[in-house]
Amino acid sequence: MSAATEVSRSRGRLLDSLLRRDVVWLGLAIVTALAIYRLRDFPYHLDWLGTIRAIAPLLPVTAWAAARVWTFWTVSSFAIGGLLRRYDPSIEAADAFIAGAAGLWILAYVLGNLFGPLGLMRSWFVWILLAAAIAPQWRDLLAFKFNPPSSGQKLALLAWILLSVSLLILQLGSPVPPFMDVLNHPAAVQRILTFHRYMPFDNDPYGAYGAHVQAPALELFYAVLALGAGSKIGALAETAAMVPMAGMMIFSAYCMGRTFFGDTAGGMASLFLFFTCLFRREQGMRATAVVFVLVGIGLAFFLDPRRNRTLFACGALALGTAVASHAIGGGLAMLVAASAVLFWLVAGDFSRSLAAVICLAGASMLAVPEFLIATLHSVAYPILPAIQIAGVAIIIAGASRLRAQAPPPSVVTPVLNAALVALLFALLIYRHWYTGSLFDQVMQDLPILFILAAIGLLAAAILGFVEKGAMPDIGVLVVALMIGVAAQIANNHVAPVVTALVERHMLSDFISKLVDYWIPFILIFPAGLVFALIADRISRRLALFAVVTLLMYPWTRVENPQDYDSKEHAISEQWAFNLGRAQSGYWAGTSDNRWTLGNDGFALVNVLQHEMRAGRITSATHLLHLTDDTTPWGLVQVAIFTGIDDDPYDLKYHPDNLFQAGSRVHAPADLPAALALRPPYILEQCPAPDWIGDPPPGYDKIFDGGDLRLYRRTGMVKHAGN
C-alpha cells in the first residue's frame with residue numbers, strides 16, 4: 001500500500017467520524033421521501049397496505065409454500081456447504097453457504113439426469129439424499145458459524161433488503177410467475193412432478209416454444225425445490241423461490257465484484273443491479289435472468305485470486321450448469337473464463353492456465369445435455385449422465401493441478417489491461433461515429449451506469465500502474481464487454497444469409513440478451529469500483545449516502561412509464577412496479593389475474609387429473625388443443641398445472657412467428673391429418689370448424705365448462721398413446 005493511499009484512508013476515517021451514522025440515515029430517509037413524492041403521479045402507486053390487503057386471500061397458499069421452499073433450500077445449502085468445509089476447512093463460512101446454495105442447483109441437474117429417467121423424482125428420494133448429506137456432519141452443522149459481515153457483505157444485504165420490501169409482497173401475490181413468456185418453465189417442472197420422471201428429450205409439455213428455449217438445468221432445479229418442499233404445483237414452488245433467488249443474484253454479484261476489485265467494490269456492484277433489468281426479469285424466474293446467479297458465482301470462484309482448489313472446481317461446475325440453464329448467458333461466461341487463461345499465460349501463471357483449460361473442458365461436458373436437447377439429437381440412457389459424471393471427474397482432476405502459490409505480479413499485466421481498456425474505448429467511439437453500435441442502445445437505456453462504468457474502467461487501468469499488483473484481471477472484464485462488439489459485427493454478416501425461423505430467432509435473441517442482460521451486468525462492476533474507491537479512500541458513509549441517493553431518486557422519467565424494464569430506473573420505481581403488479585395481479589385479461597385459470601379451467605384440470613388416476617393419460621399422451629390464440633394470455637394454461645403434453649392448433653396461425661419457431665404449434669390446415677390419427681383427447685377453447693362436429697365422430701364429451709370442452713376417444717380404457 002502506498003503512503004498516499006494510507007493518507008487518504010486516514011482522512012477518510014476522520015471524515016467518517018465527522019459524518020455521524022444517524023445523520024447519514026436521516027439524509028437517506030429524506031431522499032427516499034423525496035423520491036416517493038416525485039412518483040406521486042406514477043401509474044403504479046406505492047401502496048403497501050392496500051397491496052397487502054389485496055394479496056391477503058392468497059397468503060395461506062403462497063406464504064406456506066414460501067416457508068417450505070426457503071427451509072428446504074436453506075437446509076440443503078448448509079448441508080452441501082458443510083460437506084465442502086469438511087473436505088476443505090479453509091473455505092470461509094459465507095463462501096461455503098453460497099457454494100452450497102448453488103450446489104443444490106448443480107446437483108439437481110446432474111442427479112436429475114442420473115436418477116430422473118428411473119422414475120425417482122419423488123420427495124422421499126430427495127430427502128433421503130439430503131439426510132445422507134446431513135448425517136455425517138450433524139454436529140458440525142449445529143456449530144456452523146459465520147464471521148461478522150464485511151463492509152461489502154453489508155452492502156449486499158442492504159441491496160437485498162431494499163429489494164425485498166416490495167419483492168416479497170409480489171412473490172406472495174404471485175402463485176404463477178408474473179411474466180409473459182416464461183410459462184414453459186413451470187410446465188416442464190409440473191411434468192416432472194406429475195409423472196415422477198425426468199425425460200430429457202420429452203420434457204416440454206408447453207408446446208408453444210421450440211426446443212432451443214428449454215432450460216434443463218433450471219427446470220430440474222425448480223423441480224427439486226418443489227419435491228423437497230412437498231409442493232404439488234410446480235409454478236407455486238417456482239415463485240416461492242423468488243426472494244431467495246434474488247438474494248443469490250445479489251451475493252453472486254458481490255462475489256464477482258470482490259474477485260475483480262475487492263470486498264467493498266463487490267457490495268457496491270450488487271447495489272447497481274437496481275439500474276439493470278435483472279431484478280425486473282428475475283421476478284418471472286426466467287432462465288435469461290436467474291442464470292446470472294451461476295454466472296456470477298462461477299466466474300467469481302473460477303477467477304478468485306485466493307486460488308482455492310475447491311472453489312475453483314465449484315466455479316467450473318457452476319459455469320457448466322449455467323450453460324444448461326441458459327445457453328447464451330452461460331456460454332458467454334464460459335468465453336470470459338476461457339479468456340482469463342490467456343492473461344494467466346502472459347503473466348507466467350502456467351499452473352493456473354493448465355488447470356483452467358482442463359476444468360473448462362469438464363464444464364463443457366457437463367453442459368452437453370443442453371446442446372443435444374436444443375438440437376433435437378436424442379441419445380439413450382445413461383449416455384447423458386455418463387458424460388456429465390465424466391465432466392465432473394475432469395473438473396476435479398483439473399482443479400487438483402492448481403498451485404496455491406501464485407507467481408509474482410507481472411509487469412506485463414497492467415500494460416495489457418490498459419491497452420485493452422484503450423482499445424475498447426477506441427472501438428466504441430469509432431463505431432458510435434461511423435457505424436453505430438449496440439453500446440449506443442445501452443448508453444441510451446442506462447446513461448448513469450454507462451458513465452460510471454467508463455470512469456471505473458479508467459480508474460482501474462490507472463491503479464494497475466500506480467499500485468503494483470492491483471487489478472490483475474481487469475482485462476477479463478474488458479473482454480466480456482468486447483464480446484458485444486464482436487457479436488454485433490458477426491451478426492451483421494450472418495443475419496442476412498439466415499433464413500430458417502429457428503436460427504433467425506436464436507440470432508435475434510442473442511443480440512437482445514447482450515443489450516438487456518449481459519452488457520449491463522458487466523457494467524455494474526467497474527461502476528461499483530468508483531464508489532468503492534470513495535468508500536475506502538475518502539469516507540464510507542459519504543459513499544453510502546451518494547450511491548443510495550443515486551439509486552433511490554428517479555432522476556429521469558420515461559415518457560410512457562407504464563411498464564419499462566430495459567431503461568434505467570430507481571429503487572423507488574422498482575418498488576412501485578412490484579407493488580402495482582402484486583396489487584392487481586400480473587395476468588390481467590386471463591380468467592384469473594393471478595392463477596391464469598379460473599373456475600372452469602381448474603375444473604378441466606381436475607378432469608384431466610382424474611383421467612391420469614384412471615390410467616388413461618400417461619406421459620406419452622398429447623392433447624390436441626384447438627385455439628385461436630397462442631399468446632401466454634390467450635392460451636388456456638393446462639400444461640402448467642398438469643404437465644400433459646399440449647399440442648396447440650391455432651386457427652389464427654402465422655407461419656412467420658419467430659417465437660414459435662420449432663414449436664408444436666400447428667396451422668388449421670394440419671387439423672384434418674391430425675384428427676385422422678385419432679388423438680386420445682381433443683381440447684377446444686374456441687368454436688371449432690363445423691366440419692369437426694360436436695362431439696367429433698368417435699369421441700365422447702367429458703367436460704363442458706364456459707368456453708372449454710374436452711373430448712375423449714370412444715372406448716379408450718387405459719394407456720393413451722400419442
# chains A, B, ... in the order shown; residues from 1 in each chain; ligands from 1
>>> residues_around(residues="Leu342 of chain A", least_positions_apart="2", cutoff="12 Å", atoms="only C-alpha atoms", output="short mmCIF file (atom, residue, chain, number, x, y, z; two decimals) with C-alpha atoms, in the first residue's frame")
data_model
loop_
_atom_site.label_atom_id
_atom_site.label_comp_id
_atom_site.auth_asym_id
_atom_site.auth_seq_id
_atom_site.Cartn_x
_atom_site.Cartn_y
_atom_site.Cartn_z
CA LEU A 335 -15.91 -17.46 -23.07
CA VAL A 336 -14.92 -14.95 -20.42
CA ALA A 337 -13.45 -17.70 -18.23
CA ALA A 338 -11.51 -19.03 -21.22
CA SER A 339 -10.12 -15.57 -21.96
CA ALA A 340 -8.63 -15.49 -18.46
CA TRP A 344 -2.60 -16.04 -16.89
CA LEU A 345 -0.26 -17.37 -19.58
CA VAL A 346 1.04 -13.87 -20.26
CA ALA A 347 1.63 -13.44 -16.52
CA GLY A 348 3.54 -16.74 -16.37
CA ASP A 349 0.88 -18.50 -14.28
CA PHE A 350 1.15 -21.84 -16.11
CA ARG A 352 -3.49 -21.95 -13.22
CA SER A 353 -3.74 -21.88 -17.00
CA LEU A 354 -3.46 -25.65 -17.34
CA ALA A 356 -8.38 -23.83 -16.15
CA VAL A 357 -8.19 -25.50 -19.55
CA THR A 413 -0.39 -7.36 -16.87
CA LEU A 416 -2.11 -5.34 -21.26
CA ASP A 473 -7.85 -9.40 -14.08
CA GLY A 475 -8.68 -7.25 -18.86
CA VAL A 476 -11.15 -10.13 -18.45
CA VAL A 479 -13.07 -8.92 -22.95
#
>>> residues_around(residues="segment 497-504 of chain A", least_positions_apart="5", cutoff="9 Å", atoms="only C-alpha atoms", output="MDAnalysis selection string")
chainID A and resid 210 212 509 656:662
>>> write_last_selection(atoms="N, CA, C and O atoms", output="PDB file, in the first residue's frame")
ATOM      1  N   GLY A 210     -39.985 -23.538 -29.147  1.00  0.00           N
ATOM      2  CA  GLY A 210     -39.111 -24.568 -29.673  1.00  0.00           C
ATOM      3  C   GLY A 210     -38.205 -25.161 -28.616  1.00  0.00           C
ATOM      4  O   GLY A 210     -38.042 -24.619 -27.511  1.00  0.00           O
ATOM      5  N   HIS A 212     -35.098 -25.166 -28.470  1.00  0.00           N
ATOM      6  CA  HIS A 212     -33.896 -24.379 -28.173  1.00  0.00           C
ATOM      7  C   HIS A 212     -34.097 -23.419 -27.003  1.00  0.00           C
ATOM      8  O   HIS A 212     -33.119 -22.852 -26.512  1.00  0.00           O
ATOM      9  N   ASP A 509     -32.397 -13.280 -30.595  1.00  0.00           N
ATOM     10  CA  ASP A 509     -32.397 -13.471 -29.150  1.00  0.00           C
ATOM     11  C   ASP A 509     -31.011 -13.178 -28.571  1.00  0.00           C
ATOM     12  O   ASP A 509     -30.883 -12.569 -27.504  1.00  0.00           O
ATOM     13  N   ASP A 656     -44.744 -17.024 -39.777  1.00  0.00           N
ATOM     14  CA  ASP A 656     -43.511 -16.263 -39.570  1.00  0.00           C
ATOM     15  C   ASP A 656     -43.302 -15.829 -38.122  1.00  0.00           C
ATOM     16  O   ASP A 656     -42.475 -14.964 -37.842  1.00  0.00           O
ATOM     17  N   ASN A 657     -44.034 -16.433 -37.200  1.00  0.00           N
ATOM     18  CA  ASN A 657     -43.894 -16.091 -35.788  1.00  0.00           C
ATOM     19  C   ASN A 657     -42.574 -16.660 -35.267  1.00  0.00           C
ATOM     20  O   ASN A 657     -42.435 -17.864 -35.056  1.00  0.00           O
ATOM     21  N   LEU A 658     -41.591 -15.772 -35.030  1.00  0.00           N
ATOM     22  CA  LEU A 658     -40.265 -16.224 -34.602  1.00  0.00           C
ATOM     23  C   LEU A 658     -40.309 -16.929 -33.253  1.00  0.00           C
ATOM     24  O   LEU A 658     -39.565 -17.881 -33.017  1.00  0.00           O
ATOM     25  N   PHE A 659     -41.180 -16.463 -32.370  1.00  0.00           N
ATOM     26  CA  PHE A 659     -41.206 -17.020 -31.018  1.00  0.00           C
ATOM     27  C   PHE A 659     -41.697 -18.460 -30.998  1.00  0.00           C
ATOM     28  O   PHE A 659     -41.433 -19.190 -30.047  1.00  0.00           O
ATOM     29  N   GLN A 660     -42.427 -18.869 -32.031  1.00  0.00           N
ATOM     30  CA  GLN A 660     -42.940 -20.235 -32.089  1.00  0.00           C
ATOM     31  C   GLN A 660     -42.116 -21.126 -33.020  1.00  0.00           C
ATOM     32  O   GLN A 660     -42.523 -22.249 -33.306  1.00  0.00           O
ATOM     33  N   ALA A 661     -40.979 -20.637 -33.466  1.00  0.00           N
ATOM     34  CA  ALA A 661     -40.132 -21.421 -34.363  1.00  0.00           C
ATOM     35  C   ALA A 661     -39.714 -22.724 -33.694  1.00  0.00           C
ATOM     36  O   ALA A 661     -39.229 -22.738 -32.567  1.00  0.00           O
ATOM     37  N   GLY A 662     -39.932 -23.839 -34.379  1.00  0.00           N
ATOM     38  CA  GLY A 662     -39.554 -25.144 -33.852  1.00  0.00           C
ATOM     39  C   GLY A 662     -40.508 -25.706 -32.824  1.00  0.00           C
ATOM     40  O   GLY A 662     -40.223 -26.744 -32.218  1.00  0.00           O
TER      41      GLY A 662
END
>>> closest_residue(among="A:Asn417, A:Thr621, A:Ser151, A:Ser76", to="Met268 of chain A", atoms="only C-alpha atoms")
A:Ser151
>>> residues_around(residues="Phe602 of chain A", least_positions_apart="4", cutoff="12 Å", atoms="only C-alpha atoms", output="ChimeraX atom specification")
/A:591-592,595-598,606-609,636-642,703,705-706,708
>>> write_last_selection(atoms="N, CA, C and O atoms", output="tab-separated table (two decimals), in the first residue's frame")
chain	number	residue	atom	x	y	z
A	591	SER	N	-58.45	-15.64	-17.28
A	591	SER	CA	-59.62	-15.94	-16.44
A	591	SER	C	-59.39	-15.57	-14.98
A	591	SER	O	-60.34	-15.34	-14.24
A	592	ASP	N	-58.13	-15.55	-14.54
A	592	ASP	CA	-57.80	-15.16	-13.19
A	592	ASP	C	-56.48	-14.39	-13.21
A	592	ASP	O	-55.49	-14.87	-13.78
A	595	TRP	N	-53.75	-16.70	-11.11
A	595	TRP	CA	-53.55	-18.11	-11.43
A	595	TRP	C	-53.61	-18.40	-12.94
A	595	TRP	O	-53.26	-19.48	-13.38
A	596	THR	N	-54.06	-17.47	-13.73
A	596	THR	CA	-54.33	-17.58	-15.18
A	596	THR	C	-55.58	-18.41	-15.46
A	596	THR	O	-56.33	-18.08	-16.37
A	597	LEU	N	-55.84	-19.46	-14.72
A	597	LEU	CA	-57.03	-20.28	-14.90
A	597	LEU	C	-58.10	-19.87	-13.89
A	597	LEU	O	-57.80	-19.63	-12.71
A	598	GLY	N	-59.35	-19.82	-14.37
A	598	GLY	CA	-60.47	-19.57	-13.48
A	598	GLY	C	-61.12	-20.86	-13.03
A	598	GLY	O	-60.53	-21.95	-13.13
A	606	ASN	N	-59.03	-30.74	-13.03
A	606	ASN	CA	-59.48	-31.86	-12.19
A	606	ASN	C	-59.90	-33.06	-13.02
A	606	ASN	O	-59.63	-34.21	-12.66
A	607	VAL	N	-60.58	-32.80	-14.15
A	607	VAL	CA	-60.98	-33.90	-15.04
A	607	VAL	C	-59.75	-34.59	-15.61
A	607	VAL	O	-59.69	-35.83	-15.67
A	608	LEU	N	-58.77	-33.82	-16.05
A	608	LEU	CA	-57.55	-34.41	-16.60
A	608	LEU	C	-56.80	-35.22	-15.54
A	608	LEU	O	-56.25	-36.29	-15.83
A	609	GLN	N	-56.77	-34.72	-14.31
A	609	GLN	CA	-56.12	-35.48	-13.24
A	609	GLN	C	-56.87	-36.77	-12.95
A	609	GLN	O	-56.25	-37.80	-12.64
A	636	VAL	N	-55.10	-21.39	-22.94
A	636	VAL	CA	-55.51	-21.95	-21.66
A	636	VAL	C	-54.36	-22.79	-21.11
A	636	VAL	O	-53.91	-23.74	-21.76
A	637	GLN	N	-53.91	-22.45	-19.90
A	637	GLN	CA	-52.64	-22.98	-19.39
A	637	GLN	C	-52.82	-24.31	-18.66
A	637	GLN	O	-52.51	-24.44	-17.48
A	638	VAL	N	-53.30	-25.33	-19.37
A	638	VAL	CA	-53.47	-26.63	-18.72
A	638	VAL	C	-52.12	-27.29	-18.46
A	638	VAL	O	-51.95	-28.04	-17.49
A	639	ALA	N	-51.11	-27.02	-19.30
A	639	ALA	CA	-49.81	-27.70	-19.17
A	639	ALA	C	-49.11	-27.33	-17.87
A	639	ALA	O	-48.44	-28.17	-17.27
A	640	ILE	N	-49.26	-26.08	-17.40
A	640	ILE	CA	-48.51	-25.69	-16.21
A	640	ILE	C	-49.14	-26.26	-14.93
A	640	ILE	O	-48.52	-26.20	-13.86
A	641	PHE	N	-50.34	-26.81	-15.03
A	641	PHE	CA	-50.97	-27.42	-13.85
A	641	PHE	C	-51.12	-28.94	-13.96
A	641	PHE	O	-51.53	-29.58	-13.00
A	642	THR	N	-50.80	-29.49	-15.15
A	642	THR	CA	-50.92	-30.94	-15.32
A	642	THR	C	-49.63	-31.59	-15.80
A	642	THR	O	-49.38	-32.76	-15.49
A	703	PHE	N	-66.11	-33.08	-20.69
A	703	PHE	CA	-66.10	-31.82	-19.94
A	703	PHE	C	-66.64	-30.72	-20.82
A	703	PHE	O	-66.30	-30.61	-22.00
A	705	GLY	N	-67.39	-26.62	-19.89
A	705	GLY	CA	-67.49	-25.54	-18.91
A	705	GLY	C	-67.01	-24.24	-19.50
A	705	GLY	O	-65.85	-24.15	-19.94
A	706	GLY	N	-67.90	-23.24	-19.54
A	706	GLY	CA	-67.51	-21.96	-20.13
A	706	GLY	C	-67.19	-22.14	-21.60
A	706	GLY	O	-68.00	-22.65	-22.38
A	708	LEU	N	-64.66	-23.98	-22.62
A	708	LEU	CA	-63.78	-25.15	-22.70
A	708	LEU	C	-64.59	-26.43	-22.86
A	708	LEU	O	-65.57	-26.65	-22.15
>>> residues_around(residues="segment 82-89 of chain A", least_positions_apart="3", cutoff="12 Å", atoms="only C-alpha atoms", output="PyMOL selection string")
chain A and resi 74-79+92-101+103+130+132-145+308-311+313-314
>>> write_last_selection(atoms="C-alpha atoms", output="compact mmCIF listing (two decimals), in the first residue's frame")
# COMPACT_ATOMS: atom_id res chain seq x y z
CA THR A 74 -31.53 -23.25 3.34
CA VAL A 75 -31.08 -26.70 4.89
CA SER A 76 -29.65 -28.02 1.62
CA SER A 77 -27.25 -25.08 1.37
CA PHE A 78 -25.92 -25.73 4.86
CA ALA A 79 -25.62 -29.46 4.14
CA GLU A 92 -14.94 -19.26 4.63
CA ALA A 93 -18.40 -19.99 6.00
CA ALA A 94 -20.11 -17.42 3.75
CA ASP A 95 -18.43 -18.80 0.62
CA ALA A 96 -19.35 -22.33 1.68
CA PHE A 97 -23.01 -21.36 2.12
CA ILE A 98 -23.13 -19.61 -1.27
CA ALA A 99 -21.43 -22.59 -2.91
CA GLY A 100 -23.91 -24.86 -1.15
CA ALA A 101 -26.90 -22.86 -2.39
CA GLY A 103 -24.53 -26.64 -5.32
CA LEU A 130 -30.36 -34.76 1.83
CA ALA A 132 -27.34 -38.76 3.70
CA ALA A 133 -25.52 -35.44 3.31
CA ILE A 134 -26.52 -34.20 6.77
CA ALA A 135 -25.97 -37.39 8.81
CA PRO A 136 -22.13 -37.48 8.85
CA GLN A 137 -21.83 -33.79 9.76
CA TRP A 138 -24.77 -33.22 12.09
CA ARG A 139 -22.64 -31.93 14.96
CA ASP A 140 -20.59 -29.74 12.62
CA LEU A 141 -23.72 -28.14 11.17
CA LEU A 142 -25.02 -27.28 14.63
CA ALA A 143 -21.74 -25.44 15.24
CA PHE A 144 -21.80 -23.70 11.82
CA LYS A 145 -20.86 -20.05 12.48
CA ASN A 308 -8.62 -22.23 -3.59
CA ARG A 309 -8.87 -25.56 -5.40
CA THR A 310 -12.31 -26.43 -4.04
CA LEU A 311 -13.83 -23.10 -5.01
CA ALA A 313 -13.79 -26.59 -9.06
CA CYS A 314 -17.10 -25.19 -7.81
>>> closest_residue(among="A:Leu458, A:Cys359, A:Ala397, A:Leu225", to="Ala527 of chain A", atoms="only C-alpha atoms")
A:Leu458
>>> closest_residue(among="A:Arg540, A:Pro414, A:Asn113, A:Ala363", to="Ala380 of chain A", atoms="only C-alpha atoms")
A:Asn113
>>> residues_around(residues="Ile522 of chain A", least_positions_apart="2", cutoff="10 Å", atoms="only C-alpha atoms", output="list in words")
Ala253, Met256, Gly257, Ala269, Gly296, Ala453, Leu477, Val478, Ala480, Leu481, Tyr517, Trp518, Ile519, Pro520, Ile524, Phe525, Pro526 and Ala527 of chain A
>>> atom_distance(atom1="atom CA of His654 of chain A", atom2="atom CA of Thr590 of chain A")
21.9 Å
>>> residues_around(residues="segment 52-66 of chain A", least_positions_apart="6", cutoff="9 Å", atoms="only C-alpha atoms", output="PyMOL selection string")
chain A and resi 169-175+229-231+236-237+239-242+582-585
>>> write_last_selection(atoms="all heavy atoms", output="compact mmCIF listing (two decimals), in the first residue's frame")
# COMPACT_ATOMS: atom_id res chain seq x y z
N ILE A 169 -43.70 -9.01 -1.26
CA ILE A 169 -45.14 -8.84 -1.45
C ILE A 169 -45.55 -9.34 -2.83
O ILE A 169 -46.59 -10.01 -2.98
CB ILE A 169 -45.52 -7.36 -1.25
CG1 ILE A 169 -45.23 -6.94 0.19
CG2 ILE A 169 -46.99 -7.12 -1.58
CD1 ILE A 169 -45.42 -5.45 0.44
N LEU A 170 -44.73 -9.03 -3.84
CA LEU A 170 -45.03 -9.53 -5.18
C LEU A 170 -44.99 -11.05 -5.21
O LEU A 170 -45.84 -11.70 -5.82
CB LEU A 170 -44.03 -8.96 -6.19
CG LEU A 170 -44.17 -9.46 -7.63
CD1 LEU A 170 -45.54 -9.13 -8.20
CD2 LEU A 170 -43.07 -8.89 -8.51
N GLN A 171 -44.00 -11.64 -4.54
CA GLN A 171 -43.91 -13.10 -4.50
C GLN A 171 -45.15 -13.72 -3.87
O GLN A 171 -45.74 -14.66 -4.41
CB GLN A 171 -42.68 -13.53 -3.70
CG GLN A 171 -42.57 -15.04 -3.50
CD GLN A 171 -41.51 -15.44 -2.50
OE1 GLN A 171 -40.35 -15.11 -2.70
NE2 GLN A 171 -41.91 -16.11 -1.44
N LEU A 172 -45.58 -13.16 -2.75
CA LEU A 172 -46.73 -13.72 -2.04
C LEU A 172 -48.04 -13.50 -2.80
O LEU A 172 -49.02 -14.21 -2.56
CB LEU A 172 -46.84 -13.09 -0.65
CG LEU A 172 -45.68 -13.41 0.31
CD1 LEU A 172 -45.83 -12.64 1.61
CD2 LEU A 172 -45.58 -14.90 0.57
N GLY A 173 -48.04 -12.57 -3.74
CA GLY A 173 -49.23 -12.34 -4.55
C GLY A 173 -49.18 -12.97 -5.91
O GLY A 173 -50.05 -12.71 -6.75
N SER A 174 -48.17 -13.81 -6.15
CA SER A 174 -47.97 -14.39 -7.49
C SER A 174 -47.79 -15.90 -7.41
O SER A 174 -46.66 -16.39 -7.35
CB SER A 174 -46.74 -13.75 -8.16
OG SER A 174 -46.86 -12.35 -8.22
N PRO A 175 -48.87 -16.67 -7.44
CA PRO A 175 -48.73 -18.12 -7.45
C PRO A 175 -48.21 -18.66 -8.78
O PRO A 175 -47.77 -19.80 -8.86
CB PRO A 175 -50.14 -18.61 -7.16
CG PRO A 175 -51.03 -17.50 -7.62
CD PRO A 175 -50.27 -16.24 -7.38
N ALA A 229 -39.79 -29.35 -1.05
CA ALA A 229 -40.78 -28.60 -0.27
C ALA A 229 -42.12 -29.32 -0.18
O ALA A 229 -43.02 -28.84 0.51
CB ALA A 229 -40.98 -27.23 -0.90
N GLY A 230 -42.26 -30.42 -0.89
CA GLY A 230 -43.52 -31.16 -0.87
C GLY A 230 -44.64 -30.45 -1.60
O GLY A 230 -45.82 -30.62 -1.27
N SER A 231 -44.30 -29.65 -2.60
CA SER A 231 -45.30 -28.91 -3.36
C SER A 231 -45.78 -29.73 -4.55
O SER A 231 -44.98 -30.31 -5.29
CB SER A 231 -44.73 -27.58 -3.86
OG SER A 231 -45.65 -26.89 -4.68
N LEU A 236 -46.12 -22.83 -8.24
CA LEU A 236 -46.16 -22.25 -6.91
C LEU A 236 -44.80 -22.36 -6.22
O LEU A 236 -44.33 -21.41 -5.57
CB LEU A 236 -47.23 -22.95 -6.08
CG LEU A 236 -47.54 -22.38 -4.70
CD1 LEU A 236 -47.99 -20.94 -4.79
CD2 LEU A 236 -48.59 -23.24 -4.01
N ALA A 237 -44.14 -23.50 -6.36
CA ALA A 237 -42.81 -23.67 -5.77
C ALA A 237 -41.79 -22.76 -6.45
O ALA A 237 -40.88 -22.22 -5.81
CB ALA A 237 -42.37 -25.13 -5.88
N THR A 239 -42.32 -19.73 -7.92
CA THR A 239 -42.44 -18.35 -7.47
C THR A 239 -42.10 -18.21 -5.99
O THR A 239 -41.67 -17.13 -5.55
CB THR A 239 -43.87 -17.81 -7.71
OG1 THR A 239 -44.82 -18.64 -7.02
CG2 THR A 239 -44.20 -17.78 -9.18
N ALA A 240 -42.25 -19.27 -5.20
CA ALA A 240 -41.89 -19.22 -3.79
C ALA A 240 -40.39 -19.01 -3.59
O ALA A 240 -39.95 -18.60 -2.52
CB ALA A 240 -42.33 -20.51 -3.08
N ALA A 241 -39.60 -19.28 -4.63
CA ALA A 241 -38.15 -19.10 -4.57
C ALA A 241 -37.72 -17.73 -5.07
O ALA A 241 -36.52 -17.46 -5.20
CB ALA A 241 -37.45 -20.18 -5.38
N MET A 242 -38.66 -16.83 -5.33
CA MET A 242 -38.35 -15.54 -5.94
C MET A 242 -37.41 -14.70 -5.09
O MET A 242 -36.39 -14.19 -5.58
CB MET A 242 -39.66 -14.78 -6.20
CG MET A 242 -39.52 -13.55 -7.05
SD MET A 242 -41.09 -12.62 -7.16
CE MET A 242 -42.14 -13.81 -8.02
N ALA A 582 -48.31 -6.71 -7.84
CA ALA A 582 -48.85 -7.53 -6.76
C ALA A 582 -50.30 -7.17 -6.47
O ALA A 582 -51.13 -8.06 -6.22
CB ALA A 582 -48.01 -7.37 -5.50
N GLN A 583 -50.63 -5.89 -6.50
CA GLN A 583 -51.97 -5.47 -6.11
C GLN A 583 -53.03 -5.92 -7.12
O GLN A 583 -54.09 -6.42 -6.73
CB GLN A 583 -52.02 -3.96 -5.95
CG GLN A 583 -53.33 -3.44 -5.36
CD GLN A 583 -53.24 -1.99 -4.94
OE1 GLN A 583 -52.73 -1.15 -5.69
NE2 GLN A 583 -53.72 -1.67 -3.76
N SER A 584 -52.74 -5.78 -8.40
CA SER A 584 -53.75 -6.11 -9.41
C SER A 584 -53.58 -7.51 -9.99
O SER A 584 -54.51 -8.05 -10.58
CB SER A 584 -53.70 -5.09 -10.55
OG SER A 584 -52.42 -5.09 -11.17
N GLY A 585 -52.40 -8.11 -9.79
CA GLY A 585 -52.14 -9.40 -10.42
C GLY A 585 -51.62 -9.19 -11.83
O GLY A 585 -52.14 -8.36 -12.59
>>> decode(residues="segment 678-698 of chain A", atoms="C-alpha atoms", output="compact mmCIF listing (two decimals), in the first residue's frame")
# COMPACT_ATOMS: atom_id res chain seq x y z
CA ARG A 678 -57.36 -40.36 -33.79
CA PRO A 679 -55.69 -38.47 -30.93
CA PRO A 680 -56.82 -39.69 -27.48
CA TYR A 681 -58.09 -36.26 -26.37
CA ILE A 682 -59.30 -33.09 -28.08
CA LEU A 683 -59.44 -29.86 -26.10
CA GLU A 684 -61.39 -26.95 -27.58
CA GLN A 685 -61.10 -23.47 -26.13
CA CYS A 686 -62.71 -21.73 -29.10
CA PRO A 687 -65.52 -22.63 -31.52
CA ALA A 688 -64.36 -25.46 -33.77
CA PRO A 689 -64.97 -25.53 -37.52
CA ASP A 690 -68.37 -27.02 -38.28
CA TRP A 691 -66.90 -30.00 -40.10
CA ILE A 692 -65.32 -31.30 -36.88
CA GLY A 693 -68.66 -31.85 -35.17
CA ASP A 694 -69.80 -31.68 -31.54
CA PRO A 695 -68.74 -34.17 -30.42
CA PRO A 696 -66.37 -35.19 -33.23
CA PRO A 697 -67.24 -38.62 -34.64
CA GLY A 698 -65.80 -41.35 -32.44
